[in-house]
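Shown next: final_23.txt, given as compact mmCIF, C-alpha atoms.
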```txt
# COMPACT_ATOMS: atom_id res chain seq x y z
CA MET A 27 7.60 1.84 7.77
CA ALA A 28 5.50 -1.10 6.65
CA ARG A 29 4.78 0.82 3.46
CA ASN A 30 8.45 1.39 2.69
CA GLN A 31 9.19 -2.26 3.27
CA LEU A 32 6.35 -3.25 0.96
CA GLN A 33 7.78 -1.09 -1.79
CA SER A 34 11.12 -2.84 -1.68
CA LEU A 35 9.69 -6.29 -2.37
CA ASN A 36 9.68 -6.29 -6.21
CA CYS A 37 6.15 -7.66 -6.17
CA SER A 38 2.98 -6.26 -7.74
CA VAL A 39 0.83 -7.59 -4.89
CA ALA A 40 2.97 -5.58 -2.47
CA ASP A 41 2.73 -2.54 -4.76
CA ALA A 42 -1.05 -2.91 -4.96
CA LEU A 43 -1.37 -3.26 -1.18
CA HIS A 44 0.76 -0.15 -0.78
CA LEU A 45 -2.12 1.73 -2.44
CA VAL A 46 -5.27 -0.20 -1.62
CA GLY A 47 -4.26 -2.35 1.36
CA GLU A 48 -5.39 -0.07 4.14
CA TRP A 49 -8.32 -1.05 6.33
CA TRP A 50 -11.01 1.02 4.67
CA THR A 51 -9.73 1.47 1.17
CA MET A 52 -11.21 -1.64 -0.46
CA LEU A 53 -14.56 -0.89 1.19
CA ILE A 54 -14.55 2.68 -0.13
CA ILE A 55 -13.90 1.23 -3.59
CA LEU A 56 -16.69 -1.34 -3.18
CA GLU A 57 -19.04 1.47 -2.09
CA ALA A 58 -18.14 3.35 -5.27
CA PHE A 59 -18.84 0.23 -7.36
CA LEU A 60 -22.30 0.11 -5.76
CA GLY A 61 -22.95 3.67 -6.92
CA THR A 62 -21.88 5.92 -4.05
CA ARG A 63 -20.24 9.19 -5.14
CA ARG A 64 -20.67 11.81 -2.43
CA PHE A 65 -18.45 12.22 0.63
CA ASP A 66 -21.44 12.23 2.99
CA ALA A 67 -22.85 9.05 1.47
CA PHE A 68 -19.51 7.21 1.82
CA GLN A 69 -19.31 8.46 5.37
CA ARG A 70 -22.84 7.40 6.29
CA ASN A 71 -22.80 4.02 4.52
CA LEU A 72 -19.44 2.93 5.91
CA GLY A 73 -19.76 4.53 9.35
CA ILE A 74 -16.17 5.73 8.89
CA ALA A 75 -14.72 8.76 10.67
CA ARG A 76 -14.70 11.85 8.44
CA ASN A 77 -10.98 12.51 8.86
CA ILE A 78 -10.06 8.93 7.92
CA LEU A 79 -12.39 8.99 4.90
CA SER A 80 -10.99 12.34 3.82
CA THR A 81 -7.38 11.10 4.03
CA ARG A 82 -8.18 7.89 2.16
CA LEU A 83 -10.10 9.63 -0.64
CA GLN A 84 -7.32 12.19 -1.02
CA LYS A 85 -4.73 9.43 -1.35
CA LEU A 86 -6.91 7.52 -3.83
CA CYS A 87 -7.32 10.69 -5.92
CA ASP A 88 -3.57 11.42 -5.76
CA HIS A 89 -2.84 7.94 -7.10
CA GLY A 90 -5.42 8.08 -9.87
CA ILE A 91 -7.91 5.54 -8.50
CA PHE A 92 -10.64 8.16 -7.99
CA ARG A 93 -11.16 11.50 -9.66
CA ARG A 94 -12.94 14.44 -8.06
CA GLU A 95 -15.48 16.21 -10.22
CA PRO A 96 -18.19 18.87 -9.74
CA ILE A 97 -21.62 17.36 -9.05
CA HIS A 98 -22.83 19.27 -12.13
CA ASP A 99 -21.30 21.87 -14.45
CA GLY A 100 -20.11 24.89 -12.49
CA ALA A 101 -21.06 23.43 -9.11
CA ARG A 102 -18.76 24.07 -6.14
CA ARG A 103 -19.55 20.75 -4.48
CA HIS A 104 -17.88 17.72 -5.93
CA GLU A 105 -18.21 13.98 -5.99
CA TYR A 106 -15.80 11.05 -6.27
CA ARG A 107 -15.78 8.82 -9.34
CA LEU A 108 -13.68 5.75 -9.99
CA THR A 109 -11.22 6.21 -12.86
CA GLU A 110 -10.43 3.45 -15.35
CA MET A 111 -7.65 2.41 -12.97
CA GLY A 112 -10.13 2.22 -10.08
CA LEU A 113 -12.77 0.38 -12.11
CA ASP A 114 -10.15 -2.21 -12.99
CA LEU A 115 -10.12 -3.32 -9.33
CA LEU A 116 -13.50 -4.99 -9.88
CA PRO A 117 -12.17 -8.56 -10.28
CA ALA A 118 -10.04 -8.28 -7.11
CA VAL A 119 -12.93 -6.87 -5.05
CA ILE A 120 -15.46 -9.44 -6.33
CA ALA A 121 -13.01 -12.32 -5.82
CA LEU A 122 -12.58 -11.23 -2.21
CA MET A 123 -16.35 -10.89 -1.79
CA GLN A 124 -17.00 -14.38 -3.16
CA TRP A 125 -14.33 -15.83 -0.87
CA GLY A 126 -15.97 -14.12 2.11
CA ASP A 127 -19.46 -15.27 1.02
CA HIS A 128 -18.35 -18.88 0.87
CA TRP A 129 -15.86 -19.25 3.73
CA LEU A 130 -17.05 -16.67 6.24
CA ASN A 131 -20.79 -16.49 5.61
CA ASP A 132 -21.64 -20.12 4.72
CA ASP A 133 -22.70 -19.05 1.24
CA ARG A 134 -25.38 -16.81 2.77
CA ALA A 135 -24.18 -13.74 0.86
CA PRO A 136 -25.33 -10.32 2.09
CA LEU A 137 -24.98 -9.05 -1.48
CA VAL A 138 -25.55 -11.00 -4.69
CA LEU A 139 -24.33 -9.63 -8.01
CA LEU A 140 -26.49 -10.49 -11.00
CA ASP A 141 -25.67 -10.31 -14.67
CA ARG A 142 -28.10 -7.55 -15.75
CA LYS A 143 -28.78 -9.30 -19.05
CA THR A 144 -29.82 -12.70 -17.70
CA ARG A 145 -30.60 -11.76 -14.05
CA GLN A 146 -28.53 -14.78 -13.02
CA PRO A 147 -25.87 -14.55 -10.27
CA ILE A 148 -22.37 -14.26 -11.68
CA PRO A 149 -20.29 -17.45 -11.37
CA LYS A 150 -17.24 -17.81 -9.14
CA ILE A 151 -14.17 -15.96 -10.41
CA ASN A 152 -11.33 -18.37 -11.13
CA VAL A 153 -7.81 -18.32 -12.45
CA ARG A 154 -8.13 -19.71 -15.96
CA ALA A 155 -5.86 -20.76 -18.80
CA ALA A 156 -6.13 -19.20 -22.26
CA ASP A 157 -8.41 -22.11 -23.23
CA SER A 158 -10.61 -21.45 -20.14
CA ARG A 159 -9.49 -24.42 -18.03
CA VAL A 160 -9.70 -23.50 -14.31
CA LEU A 161 -6.16 -23.54 -12.91
CA ASN A 162 -5.11 -24.23 -9.31
CA ILE A 163 -1.74 -23.24 -7.88
CA LYS A 164 -0.13 -26.59 -8.82
CA GLN A 165 -0.98 -25.96 -12.44
CA LEU A 166 0.86 -22.63 -12.38
CA LEU A 167 4.55 -21.94 -12.80
CA ALA A 168 6.01 -18.73 -11.35
CA THR A 169 8.70 -17.26 -13.59
CA PRO A 170 10.61 -13.98 -13.48
CA GLY A 171 8.95 -11.30 -15.60
CA PRO A 172 10.44 -8.25 -17.36
CA GLY A 173 10.34 -6.30 -14.07
CA ALA A 174 12.14 -8.96 -11.98
CA THR A 175 15.20 -7.89 -10.03
CA THR A 176 18.24 -10.17 -9.72
CA GLU A 177 17.06 -11.05 -6.23
CA THR A 178 13.62 -12.08 -7.50
CA ARG A 179 15.24 -14.22 -10.23
CA GLU A 180 17.38 -15.98 -7.65
CA ARG A 181 14.46 -16.54 -5.30
CA LEU A 182 12.32 -18.03 -8.06
CA LYS A 183 15.18 -20.31 -9.08
CA LEU A 184 15.53 -21.57 -5.51
CA LEU A 185 11.78 -22.06 -5.23
CA ALA A 186 11.69 -24.02 -8.50
CA GLU A 187 14.47 -26.30 -7.25
CA LYS A 188 12.66 -26.83 -3.97
CA LEU A 189 9.42 -27.70 -5.77
CA THR A 190 11.26 -30.16 -8.03
CA ASN A 191 12.82 -31.81 -4.98
CA ARG A 192 9.42 -32.07 -3.31
CA GLN A 193 7.89 -33.65 -6.37
CA SER A 194 10.68 -36.23 -6.57
CA GLY A 195 10.12 -36.92 -2.88
CA THR A 196 13.46 -35.72 -1.48
CA MET B 29 -11.88 -0.69 16.75
CA ALA B 30 -11.62 -0.68 12.97
CA ARG B 31 -12.02 -4.45 13.09
CA ASN B 32 -15.22 -4.26 15.10
CA GLN B 33 -16.61 -1.67 12.74
CA LEU B 34 -15.76 -3.87 9.76
CA GLN B 35 -17.66 -6.76 11.30
CA SER B 36 -20.84 -4.74 11.62
CA LEU B 37 -21.06 -3.92 7.91
CA ASN B 38 -23.00 -6.98 6.64
CA CYS B 39 -20.54 -7.31 3.77
CA SER B 40 -18.36 -10.25 2.74
CA VAL B 41 -15.59 -7.94 1.55
CA ALA B 42 -15.47 -6.41 5.03
CA ASP B 43 -15.51 -9.89 6.57
CA ALA B 44 -12.68 -11.01 4.29
CA LEU B 45 -10.61 -7.92 5.11
CA HIS B 46 -11.18 -8.58 8.79
CA LEU B 47 -9.13 -11.77 8.27
CA VAL B 48 -6.76 -11.05 5.40
CA GLY B 49 -6.71 -7.24 5.22
CA GLU B 50 -3.68 -6.56 7.37
CA TRP B 51 -0.52 -5.19 5.81
CA TRP B 52 1.44 -8.41 5.56
CA THR B 53 -1.23 -11.05 5.40
CA MET B 54 -1.80 -11.18 1.64
CA LEU B 55 1.97 -11.28 1.09
CA ILE B 56 2.36 -14.19 3.50
CA ILE B 57 -0.36 -15.99 1.53
CA LEU B 58 1.33 -15.16 -1.81
CA GLU B 59 4.63 -16.47 -0.40
CA ALA B 60 2.86 -19.72 0.50
CA PHE B 61 1.43 -19.95 -3.04
CA LEU B 62 4.99 -19.66 -4.35
CA GLY B 63 6.00 -22.67 -2.25
CA THR B 64 7.28 -21.24 1.05
CA ARG B 65 6.37 -23.33 4.10
CA ARG B 66 8.89 -22.67 6.87
CA PHE B 67 8.79 -19.80 9.34
CA ASP B 68 12.40 -18.82 8.63
CA ALA B 69 11.80 -18.78 4.89
CA PHE B 70 8.72 -16.54 5.23
CA GLN B 71 10.75 -14.29 7.50
CA ARG B 72 13.75 -14.07 5.17
CA ASN B 73 11.80 -13.69 1.92
CA LEU B 74 9.46 -11.00 3.21
CA GLY B 75 11.94 -9.21 5.48
CA ILE B 76 9.16 -9.13 8.09
CA ALA B 77 9.80 -8.84 11.83
CA ARG B 78 9.60 -12.23 13.55
CA ASN B 79 7.02 -11.12 16.10
CA ILE B 80 4.71 -9.72 13.42
CA LEU B 81 5.09 -12.85 11.28
CA SER B 82 4.42 -15.04 14.29
CA THR B 83 1.25 -13.14 15.21
CA ARG B 84 -0.03 -13.17 11.62
CA LEU B 85 0.62 -16.89 11.11
CA GLN B 86 -1.04 -17.71 14.42
CA LYS B 87 -4.13 -15.73 13.43
CA LEU B 88 -4.20 -17.36 9.99
CA CYS B 89 -3.97 -20.81 11.61
CA ASP B 90 -6.69 -19.93 14.14
CA HIS B 91 -9.01 -18.96 11.31
CA GLY B 92 -8.32 -22.01 9.19
CA ILE B 93 -6.37 -20.36 6.35
CA PHE B 94 -3.11 -22.13 7.23
CA ARG B 95 -2.54 -25.38 9.06
CA ARG B 96 0.60 -26.18 11.03
CA GLU B 97 2.10 -29.61 10.45
CA PRO B 98 5.32 -31.46 11.34
CA ILE B 99 7.99 -31.16 8.62
CA HIS B 100 8.00 -34.97 8.53
CA ASP B 101 6.36 -37.72 10.59
CA GLY B 102 7.27 -37.36 14.25
CA ALA B 103 9.32 -34.19 13.73
CA ARG B 104 9.19 -31.47 16.37
CA ARG B 105 9.66 -28.66 13.88
CA HIS B 106 6.67 -27.70 11.81
CA GLU B 107 5.77 -25.89 8.66
CA TYR B 108 2.81 -23.84 7.47
CA ARG B 109 0.56 -25.11 4.70
CA LEU B 110 -2.40 -23.39 3.10
CA THR B 111 -5.70 -25.16 3.75
CA GLU B 112 -8.45 -25.46 1.14
CA MET B 113 -9.80 -22.16 2.51
CA GLY B 114 -6.40 -20.51 2.07
CA LEU B 115 -5.83 -21.97 -1.40
CA ASP B 116 -9.18 -20.52 -2.43
CA LEU B 117 -7.70 -17.01 -2.08
CA LEU B 118 -5.75 -17.60 -5.31
CA PRO B 119 -8.12 -15.64 -7.60
CA ALA B 120 -8.13 -12.62 -5.25
CA VAL B 121 -4.33 -12.61 -4.91
CA ILE B 122 -3.72 -13.03 -8.65
CA ALA B 123 -6.31 -10.38 -9.53
CA LEU B 124 -4.49 -7.94 -7.25
CA MET B 125 -1.13 -8.92 -8.75
CA GLN B 126 -2.37 -8.39 -12.31
CA TRP B 127 -3.79 -4.99 -11.36
CA GLY B 128 -0.43 -4.01 -9.85
CA ASP B 129 1.47 -5.33 -12.88
CA HIS B 130 -0.59 -3.22 -15.25
CA TRP B 131 -1.26 0.00 -13.32
CA LEU B 132 1.75 0.28 -11.05
CA ASN B 133 4.50 -1.45 -13.01
CA ASP B 134 3.64 -0.50 -16.61
CA ASP B 135 3.06 -4.16 -17.46
CA ARG B 136 6.68 -4.92 -16.53
CA ALA B 137 5.65 -7.68 -14.11
CA PRO B 138 8.24 -8.84 -11.57
CA LEU B 139 6.54 -12.25 -11.56
CA VAL B 140 4.78 -13.96 -14.46
CA LEU B 141 2.53 -16.95 -13.85
CA LEU B 142 2.50 -19.53 -16.63
CA ASP B 143 0.03 -22.30 -17.29
CA ARG B 144 2.28 -25.35 -16.71
CA LYS B 145 0.64 -27.27 -19.52
CA THR B 146 1.14 -24.71 -22.30
CA ARG B 147 3.90 -22.54 -20.73
CA GLN B 148 1.83 -19.51 -21.73
CA PRO B 149 1.15 -16.63 -19.30
CA ILE B 150 -2.31 -16.84 -17.76
CA PRO B 151 -4.79 -14.30 -19.13
CA LYS B 152 -6.23 -11.42 -17.14
CA ILE B 153 -8.79 -12.46 -14.54
CA ASN B 154 -12.17 -10.91 -15.26
CA VAL B 155 -15.67 -10.92 -13.87
CA ARG B 156 -17.62 -13.07 -16.30
CA ALA B 157 -21.21 -14.09 -16.94
CA ALA B 158 -22.26 -17.76 -17.00
CA ASP B 159 -21.79 -17.68 -20.80
CA SER B 160 -18.25 -16.23 -20.34
CA ARG B 161 -18.98 -12.65 -21.41
CA VAL B 162 -16.67 -10.24 -19.56
CA LEU B 163 -18.82 -8.02 -17.33
CA ASN B 164 -18.08 -4.50 -16.15
CA ILE B 165 -19.75 -2.86 -13.18
CA LYS B 166 -22.54 -1.36 -15.33
CA GLN B 167 -23.49 -4.83 -16.48
CA LEU B 168 -23.95 -5.99 -12.88
CA LEU B 169 -26.93 -5.56 -10.60
CA ALA B 170 -26.40 -5.66 -6.83
CA THR B 171 -29.27 -7.38 -5.05
CA PRO B 172 -29.75 -8.43 -1.43
CA GLY B 173 -28.67 -12.03 -0.83
CA PRO B 174 -29.85 -14.59 1.75
CA GLY B 175 -27.51 -13.02 4.33
CA ALA B 176 -28.71 -9.42 3.85
CA THR B 177 -29.88 -7.51 6.91
CA THR B 178 -32.87 -5.15 6.74
CA GLU B 179 -30.41 -2.25 6.60
CA THR B 180 -28.60 -3.77 3.59
CA ARG B 181 -31.93 -4.34 1.82
CA GLU B 182 -32.89 -0.71 2.35
CA ARG B 183 -29.51 0.58 1.21
CA LEU B 184 -29.62 -1.50 -1.99
CA LYS B 185 -33.14 -0.25 -2.68
CA LEU B 186 -31.99 3.37 -2.31
CA LEU B 187 -28.96 2.72 -4.53
CA ALA B 188 -31.15 1.11 -7.19
CA GLU B 189 -33.46 4.15 -7.18
CA LYS B 190 -30.48 6.50 -7.44
CA LEU B 191 -29.05 4.54 -10.38
CA THR B 192 -32.43 4.60 -12.12
CA ASN B 193 -32.63 8.38 -11.65
CA ARG B 194 -29.10 8.81 -13.03
CA GLN B 195 -29.94 6.75 -16.08
CA SER B 196 -33.07 8.77 -16.76
CA GLY B 197 -31.02 11.94 -16.37
CA THR B 198 -32.70 13.40 -13.27
```
In structure tokens, what does this structure look like?
Amino acid sequence: MARNQLQSLNCSVADALHLVGEWWTMLIILEAFLGTRRFDAFQRNLGIARNILSTRLQKLCDHGIFRREPIHDGARRHEYRLTEMGLDLLPAVIALMQWGDHWLNDDRAPLVLLDRKTRQPIPKINVRAADSRVLNIKQLLATPGPGATTETRERLKLLAEKLTNRQSGT
Amino acid sequence: MARNQLQSLNCSVADALHLVGEWWTMLIILEAFLGTRRFDAFQRNLGIARNILSTRLQKLCDHGIFRREPIHDGARRHEYRLTEMGLDLLPAVIALMQWGDHWLNDDRAPLVLLDRKTRQPIPKINVRAADSRVLNIKQLLATPGPGATTETRERLKLLAEKLTNRQSGT
């Protein structure tokens, strides 16, 4: 039921969570980013029940985030590889990791990602303007996009009015 | 049980999901980014059951992501405001939104975020090096950080060996 509700929200965050918002899914994807490909390795590294892992991987394959391929030509056993769609989750996963490193682990990160070229840790991921200025939420303006429903347009209009009132102190 | 398992993983993504990985939580946070502060407004905009919303907001307050404050000095009614910790989830939320816009909504975004200064849409969030190069997963090297357990160190060592073998074609 939660999933159906999410789908009705006219929101890409809701749509994304519909696919990757289940307990283990983001961790399976992180595991794959770290180089894990085989079912048994996912299972062992995450300590996840086999039936849950199997269901999650099936769903991720069905939705094009992973693809299943033979471990070598003609092999019967297969492994799981992130597709272009799956690989494109990297910024979301790393942003979440950096947030957890800072706020939940006092900057004592379990895992540090280095730029292979310079061997320096990668900097914090930020929302940036086209000219690279770091933007906070007050520097952003939410507007209806091409996929906005009438309801979304109305909500954003109301929110804009509320924000204007707040700024003028009413 | 899933939550306990997540906590044992020595991973900031798992730690982050422990707090913000429940169905509605990221959407409540997005709602707050859009300007929503009152319980009734969260409830109406998300179409979420009051008891679920109440539980989620309480947990988010307990963990320092939201703070509860009177709607004006001396008022009995209160509203929910993101703390610095909550506001710092912006890159993760926007990265997820952009992924959903592109892969699930064919770039027909319901919501477009503009840079207030230029009124231009914000660019895609990427993982970048210190010198601003966009980095993909192959350009990153995962190393144990100051918070790594012995188990994490061993796992990363095994992964590094596996990646080296793959690159040399064995």
Using all C-alpha atoms paired in order, least-squares fit chain A onto chain B and give me the moved copy as a short mmCIF file (atom, residue, chain, number, x, y, z; two decimals) with C-alpha atoms, keeping the file's coordinate frame.
```cif
data_model
loop_
_atom_site.label_atom_id
_atom_site.label_comp_id
_atom_site.auth_asym_id
_atom_site.auth_seq_id
_atom_site.Cartn_x
_atom_site.Cartn_y
_atom_site.Cartn_z
CA MET A 27 -11.77 -0.76 16.69
CA ALA A 28 -11.53 -0.74 12.92
CA ARG A 29 -11.98 -4.51 13.02
CA ASN A 30 -15.16 -4.31 15.08
CA GLN A 31 -16.57 -1.71 12.74
CA LEU A 32 -15.75 -3.88 9.75
CA GLN A 33 -17.64 -6.77 11.28
CA SER A 34 -20.81 -4.76 11.62
CA LEU A 35 -21.06 -3.93 7.92
CA ASN A 36 -22.99 -6.98 6.64
CA CYS A 37 -20.54 -7.30 3.77
CA SER A 38 -18.35 -10.24 2.75
CA VAL A 39 -15.58 -7.93 1.55
CA ALA A 40 -15.47 -6.41 5.04
CA ASP A 41 -15.51 -9.90 6.57
CA ALA A 42 -12.68 -11.01 4.30
CA LEU A 43 -10.61 -7.92 5.11
CA HIS A 44 -11.18 -8.59 8.80
CA LEU A 45 -9.13 -11.77 8.28
CA VAL A 46 -6.76 -11.05 5.42
CA GLY A 47 -6.71 -7.25 5.21
CA GLU A 48 -3.70 -6.58 7.38
CA TRP A 49 -0.52 -5.21 5.84
CA TRP A 50 1.43 -8.43 5.57
CA THR A 51 -1.24 -11.06 5.41
CA MET A 52 -1.81 -11.17 1.65
CA LEU A 53 1.96 -11.26 1.10
CA ILE A 54 2.36 -14.19 3.50
CA ILE A 55 -0.36 -15.98 1.53
CA LEU A 56 1.32 -15.15 -1.80
CA GLU A 57 4.62 -16.47 -0.39
CA ALA A 58 2.85 -19.71 0.50
CA PHE A 59 1.41 -19.95 -3.03
CA LEU A 60 4.98 -19.66 -4.34
CA GLY A 61 6.00 -22.65 -2.23
CA THR A 62 7.27 -21.22 1.06
CA ARG A 63 6.38 -23.31 4.13
CA ARG A 64 8.90 -22.66 6.89
CA PHE A 65 8.78 -19.77 9.36
CA ASP A 66 12.39 -18.81 8.64
CA ALA A 67 11.80 -18.77 4.89
CA PHE A 68 8.72 -16.52 5.23
CA GLN A 69 10.74 -14.29 7.51
CA ARG A 70 13.73 -14.07 5.18
CA ASN A 71 11.78 -13.69 1.93
CA LEU A 72 9.44 -10.99 3.23
CA GLY A 73 11.93 -9.19 5.48
CA ILE A 74 9.16 -9.11 8.10
CA ALA A 75 9.81 -8.84 11.84
CA ARG A 76 9.60 -12.23 13.56
CA ASN A 77 7.01 -11.12 16.12
CA ILE A 78 4.71 -9.71 13.42
CA LEU A 79 5.08 -12.85 11.29
CA SER A 80 4.41 -15.04 14.30
CA THR A 81 1.23 -13.13 15.21
CA ARG A 82 -0.04 -13.18 11.64
CA LEU A 83 0.61 -16.90 11.11
CA GLN A 84 -1.05 -17.70 14.43
CA LYS A 85 -4.14 -15.73 13.44
CA LEU A 86 -4.22 -17.36 9.99
CA CYS A 87 -3.98 -20.81 11.61
CA ASP A 88 -6.71 -19.93 14.15
CA HIS A 89 -9.03 -18.95 11.31
CA GLY A 90 -8.31 -22.01 9.19
CA ILE A 91 -6.38 -20.34 6.36
CA PHE A 92 -3.12 -22.13 7.23
CA ARG A 93 -2.54 -25.37 9.07
CA ARG A 94 0.60 -26.18 11.03
CA GLU A 95 2.09 -29.60 10.43
CA PRO A 96 5.33 -31.44 11.33
CA ILE A 97 7.99 -31.13 8.62
CA HIS A 98 7.98 -34.95 8.51
CA ASP A 99 6.36 -37.70 10.58
CA GLY A 100 7.31 -37.37 14.23
CA ALA A 101 9.35 -34.20 13.71
CA ARG A 102 9.19 -31.48 16.38
CA ARG A 103 9.66 -28.65 13.89
CA HIS A 104 6.66 -27.71 11.84
CA GLU A 105 5.77 -25.89 8.68
CA TYR A 106 2.79 -23.85 7.48
CA ARG A 107 0.54 -25.11 4.70
CA LEU A 108 -2.41 -23.38 3.11
CA THR A 109 -5.71 -25.16 3.77
CA GLU A 110 -8.45 -25.45 1.14
CA MET A 111 -9.80 -22.17 2.52
CA GLY A 112 -6.39 -20.52 2.07
CA LEU A 113 -5.85 -21.97 -1.41
CA ASP A 114 -9.19 -20.52 -2.43
CA LEU A 115 -7.70 -17.01 -2.08
CA LEU A 116 -5.75 -17.59 -5.31
CA PRO A 117 -8.11 -15.64 -7.60
CA ALA A 118 -8.14 -12.62 -5.25
CA VAL A 119 -4.33 -12.59 -4.91
CA ILE A 120 -3.72 -13.03 -8.66
CA ALA A 121 -6.31 -10.37 -9.54
CA LEU A 122 -4.50 -7.94 -7.25
CA MET A 123 -1.14 -8.92 -8.75
CA GLN A 124 -2.37 -8.38 -12.32
CA TRP A 125 -3.80 -4.99 -11.35
CA GLY A 126 -0.45 -4.01 -9.83
CA ASP A 127 1.47 -5.33 -12.88
CA HIS A 128 -0.60 -3.22 -15.24
CA TRP A 129 -1.27 0.01 -13.32
CA LEU A 130 1.75 0.29 -11.04
CA ASN A 131 4.50 -1.44 -13.00
CA ASP A 132 3.63 -0.50 -16.61
CA ASP A 133 3.05 -4.15 -17.46
CA ARG A 134 6.67 -4.92 -16.53
CA ALA A 135 5.66 -7.69 -14.11
CA PRO A 136 8.25 -8.85 -11.57
CA LEU A 137 6.54 -12.25 -11.57
CA VAL A 138 4.78 -13.95 -14.47
CA LEU A 139 2.53 -16.95 -13.87
CA LEU A 140 2.50 -19.53 -16.64
CA ASP A 141 0.03 -22.29 -17.30
CA ARG A 142 2.28 -25.33 -16.70
CA LYS A 143 0.62 -27.25 -19.53
CA THR A 144 1.12 -24.70 -22.31
CA ARG A 145 3.88 -22.53 -20.75
CA GLN A 146 1.82 -19.50 -21.76
CA PRO A 147 1.14 -16.62 -19.31
CA ILE A 148 -2.32 -16.84 -17.77
CA PRO A 149 -4.80 -14.29 -19.15
CA LYS A 150 -6.24 -11.40 -17.15
CA ILE A 151 -8.80 -12.46 -14.55
CA ASN A 152 -12.19 -10.90 -15.26
CA VAL A 153 -15.69 -10.92 -13.87
CA ARG A 154 -17.63 -13.07 -16.31
CA ALA A 155 -21.22 -14.09 -16.94
CA ALA A 156 -22.28 -17.75 -16.98
CA ASP A 157 -21.81 -17.68 -20.77
CA SER A 158 -18.27 -16.23 -20.34
CA ARG A 159 -19.01 -12.66 -21.43
CA VAL A 160 -16.67 -10.25 -19.57
CA LEU A 161 -18.83 -8.04 -17.34
CA ASN A 162 -18.06 -4.50 -16.16
CA ILE A 163 -19.76 -2.86 -13.19
CA LYS A 164 -22.55 -1.36 -15.35
CA GLN A 165 -23.51 -4.83 -16.48
CA LEU A 166 -23.95 -5.97 -12.88
CA LEU A 167 -26.93 -5.55 -10.60
CA ALA A 168 -26.41 -5.65 -6.83
CA THR A 169 -29.27 -7.39 -5.04
CA PRO A 170 -29.76 -8.44 -1.42
CA GLY A 171 -28.68 -12.04 -0.84
CA PRO A 172 -29.85 -14.59 1.76
CA GLY A 173 -27.51 -13.03 4.35
CA ALA A 174 -28.71 -9.42 3.84
CA THR A 175 -29.87 -7.51 6.89
CA THR A 176 -32.86 -5.15 6.73
CA GLU A 177 -30.40 -2.27 6.59
CA THR A 178 -28.58 -3.78 3.60
CA ARG A 179 -31.92 -4.33 1.81
CA GLU A 180 -32.87 -0.71 2.36
CA ARG A 181 -29.49 0.57 1.21
CA LEU A 182 -29.62 -1.49 -1.98
CA LYS A 183 -33.13 -0.24 -2.68
CA LEU A 184 -31.99 3.37 -2.31
CA LEU A 185 -28.97 2.72 -4.51
CA ALA A 186 -31.15 1.12 -7.20
CA GLU A 187 -33.45 4.15 -7.19
CA LYS A 188 -30.48 6.49 -7.44
CA LEU A 189 -29.05 4.54 -10.37
CA THR A 190 -32.42 4.59 -12.15
CA ASN A 191 -32.63 8.35 -11.66
CA ARG A 192 -29.12 8.79 -13.03
CA GLN A 193 -29.92 6.72 -16.08
CA SER A 194 -33.05 8.76 -16.78
CA GLY A 195 -30.94 11.89 -16.39
CA THR A 196 -32.56 13.38 -13.28
#
```
From A:Ile74, A:Cys87, A:Leu161, A:Val46, residue lying nearest B:Gly128 [all atoms listed in the file]: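 Looking only at the distances to B:Gly128, the closest residue turns out to be A:Val46.
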At a cut-off of 6 Å, which residues of chain A touch chain B? Count all atoms listed in the file and give the answer as a tab-separated table (two decimals) with C-alpha atoms, keeping the file's coordinate frame.
```
chain	number	residue	atom	x	y	z
A	37	CYS	CA	6.15	-7.66	-6.17
A	38	SER	CA	2.98	-6.26	-7.74
A	39	VAL	CA	0.83	-7.59	-4.89
A	42	ALA	CA	-1.05	-2.91	-4.96
A	117	PRO	CA	-12.17	-8.56	-10.28
A	118	ALA	CA	-10.04	-8.28	-7.11
A	121	ALA	CA	-13.01	-12.32	-5.82
A	122	LEU	CA	-12.58	-11.23	-2.21
A	123	MET	CA	-16.35	-10.89	-1.79
A	126	GLY	CA	-15.97	-14.12	2.11
A	127	ASP	CA	-19.46	-15.27	1.02
A	134	ARG	CA	-25.38	-16.81	2.77
A	135	ALA	CA	-24.18	-13.74	0.86
A	136	PRO	CA	-25.33	-10.32	2.09
A	137	LEU	CA	-24.98	-9.05	-1.48
A	138	VAL	CA	-25.55	-11.00	-4.69
A	139	LEU	CA	-24.33	-9.63	-8.01
A	140	LEU	CA	-26.49	-10.49	-11.00
A	141	ASP	CA	-25.67	-10.31	-14.67
A	142	ARG	CA	-28.10	-7.55	-15.75
A	148	ILE	CA	-22.37	-14.26	-11.68
A	149	PRO	CA	-20.29	-17.45	-11.37
A	152	ASN	CA	-11.33	-18.37	-11.13
A	153	VAL	CA	-7.81	-18.32	-12.45
A	155	ALA	CA	-5.86	-20.76	-18.80
A	156	ALA	CA	-6.13	-19.20	-22.26
A	165	GLN	CA	-0.98	-25.96	-12.44
A	166	LEU	CA	0.86	-22.63	-12.38
A	167	LEU	CA	4.55	-21.94	-12.80
A	168	ALA	CA	6.01	-18.73	-11.35
A	169	THR	CA	8.70	-17.26	-13.59
A	170	PRO	CA	10.61	-13.98	-13.48
A	171	GLY	CA	8.95	-11.30	-15.60
A	172	PRO	CA	10.44	-8.25	-17.36
A	173	GLY	CA	10.34	-6.30	-14.07
A	174	ALA	CA	12.14	-8.96	-11.98
```
Atom pair atom CA of A:Ile54 / atom CA of A:Gln84: separation (Å):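 One can read the atom CA of A:Ile54 to atom CA of A:Gln84 distance as 12.0 Å.
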Computed interatomic separation between atom CA of A:Ala58 and atom CA of A:Glu95 (Å):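 Straight-line distance from atom CA of A:Ala58 to atom CA of A:Glu95 works out to 14.0 Å.
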Length of the atom CA of A:Arg63 to atom CA of A:Thr109 vector [Å]: 12.2 Å
Proximity to A:Arg94 - best of A:Asn77, A:Glu187, A:Glu57, A:Phe65, all atoms listed in the file: A:Phe65
